[in-house]
Amino acid sequence: MPGDAVKVAPHAYKVVLENDRVRVLESRMKPGETTEMHSHPDLVACALSAAKFKFTLPDGQSMVIELNAGDAVFVGAVDHSTENIGSSDGHVLLVELK
């Protein structure tokens, strides 16, 4: 099983709040930057800037997601690697549910 996002990719994720109910991560990725395979529990992602990411799953399948600043999406628990394939820095808050 892939490791925790903050441990696997500290260059991309940092904890800004944690308690017994949630963990909030700030993610910043420059264009072309990638992460190794890692895992997240169920979460809500809130885009603070427009961004375009490619997510690759353990089985090799991938998907591209474009977010506009202010978008919020629910994501079920997932293992994936991430690549910023956009032309600008990606800045997202992730609210992981416990």
# chains A, B, ... in the order shown; residues from 1 in each chain; ligands from 1
$ residues_around --residues "A:Val78" --least-positions-apart "2" --cutoff "10 Å" --atoms "only C-alpha atoms" --output "list of chain:residue names"
A:Pro2, A:His38, A:Ser39, A:His40, A:Pro41, A:Asp42, A:Leu43, A:Leu57, A:Pro58, A:Val75, A:Gly76, A:His80, A:Ser81
$ residues_around --residues "A:Thr82" --least-positions-apart "2" --cutoff "9 Å" --atoms "only C-alpha atoms" --output "PyMOL selection string"
chain A and resi 33-38+53-56+80+84
$ write_last_selection --atoms "C-alpha atoms" --output "CSV table (one decimal), in the first residue's frame"
chain,number,residue,atom,x,y,z
A,33,GLU,CA,6.2,18.6,-10.9
A,34,THR,CA,5.3,15.1,-9.9
A,35,THR,CA,4.7,13.0,-6.8
A,36,GLU,CA,5.4,9.4,-6.1
A,37,MET,CA,2.5,7.0,-5.6
A,38,HIS,CA,0.7,7.8,-2.3
A,53,PHE,CA,-3.4,17.6,-12.9
A,54,LYS,CA,-2.9,14.1,-14.2
A,55,PHE,CA,-3.6,11.4,-11.6
A,56,THR,CA,-2.2,7.9,-12.2
A,80,HIS,CA,-2.4,7.7,-6.9
A,84,ASN,CA,0.9,19.1,-12.7
$ closest_atom_pairs --of "stretch 10-68 of chain A" --to "stretch 87-98 of chain A" --cutoff "9 Å" --atoms "only C-alpha atoms" --output "Markdown table"
| residue | atom | partner | partner_atom | distance |
| --- | --- | --- | --- | --- |
| A:Asp20 | CA | A:Lys98 | CA | 7.1 |
| A:Arg21 | CA | A:Lys98 | CA | 5.2 |
| A:Val22 | CA | A:Leu97 | CA | 4.8 |
| A:Arg23 | CA | A:Glu96 | CA | 5.1 |
| A:Val24 | CA | A:Val95 | CA | 4.5 |
| A:Leu25 | CA | A:Leu94 | CA | 5.0 |
| A:Glu26 | CA | A:Leu93 | CA | 4.7 |
| A:Ser27 | CA | A:Val92 | CA | 5.2 |
| A:Arg28 | CA | A:His91 | CA | 4.7 |
| A:Met29 | CA | A:Gly90 | CA | 5.1 |
| A:Lys30 | CA | A:Asp89 | CA | 4.4 |
| A:Pro31 | CA | A:Ser87 | CA | 5.6 |
| A:Gly32 | CA | A:Ser87 | CA | 8.3 |
| A:His40 | CA | A:Glu96 | CA | 7.2 |
| A:Pro41 | CA | A:Glu96 | CA | 6.1 |
| A:Asp42 | CA | A:Leu97 | CA | 5.7 |
| A:Leu43 | CA | A:Glu96 | CA | 4.2 |
| A:Val44 | CA | A:Val95 | CA | 5.1 |
| A:Ala45 | CA | A:Leu94 | CA | 4.5 |
| A:Cys46 | CA | A:Leu93 | CA | 5.1 |
| A:Ala47 | CA | A:Val92 | CA | 4.4 |
| A:Leu48 | CA | A:Val92 | CA | 5.3 |
| A:Ser49 | CA | A:His91 | CA | 5.5 |
| A:Ala50 | CA | A:Gly90 | CA | 6.7 |
| A:Ala51 | CA | A:Gly90 | CA | 4.9 |
| A:Lys52 | CA | A:Gly90 | CA | 7.4 |
| A:Phe53 | CA | A:Gly90 | CA | 8.2 |
$ select_by_dssp --residues "chain A" --states "strand (DSSP E or B)" --output "ChimeraX atom specification"
/A:3-4,13-18,22-29,34,38-40,43-47,51-56,62-67,72-75,78-84,90-97
$ closest_residue --among "A:Leu67, A:Ser62, A:Asp79, A:Asn19" --to "A:Ala5" --atoms "only C-alpha atoms"
A:Asp79
$ select_by_dssp --residues "chain A" --states "alpha helix (DSSP H)" --output "MDAnalysis selection string"
chainID A and resid 5:8
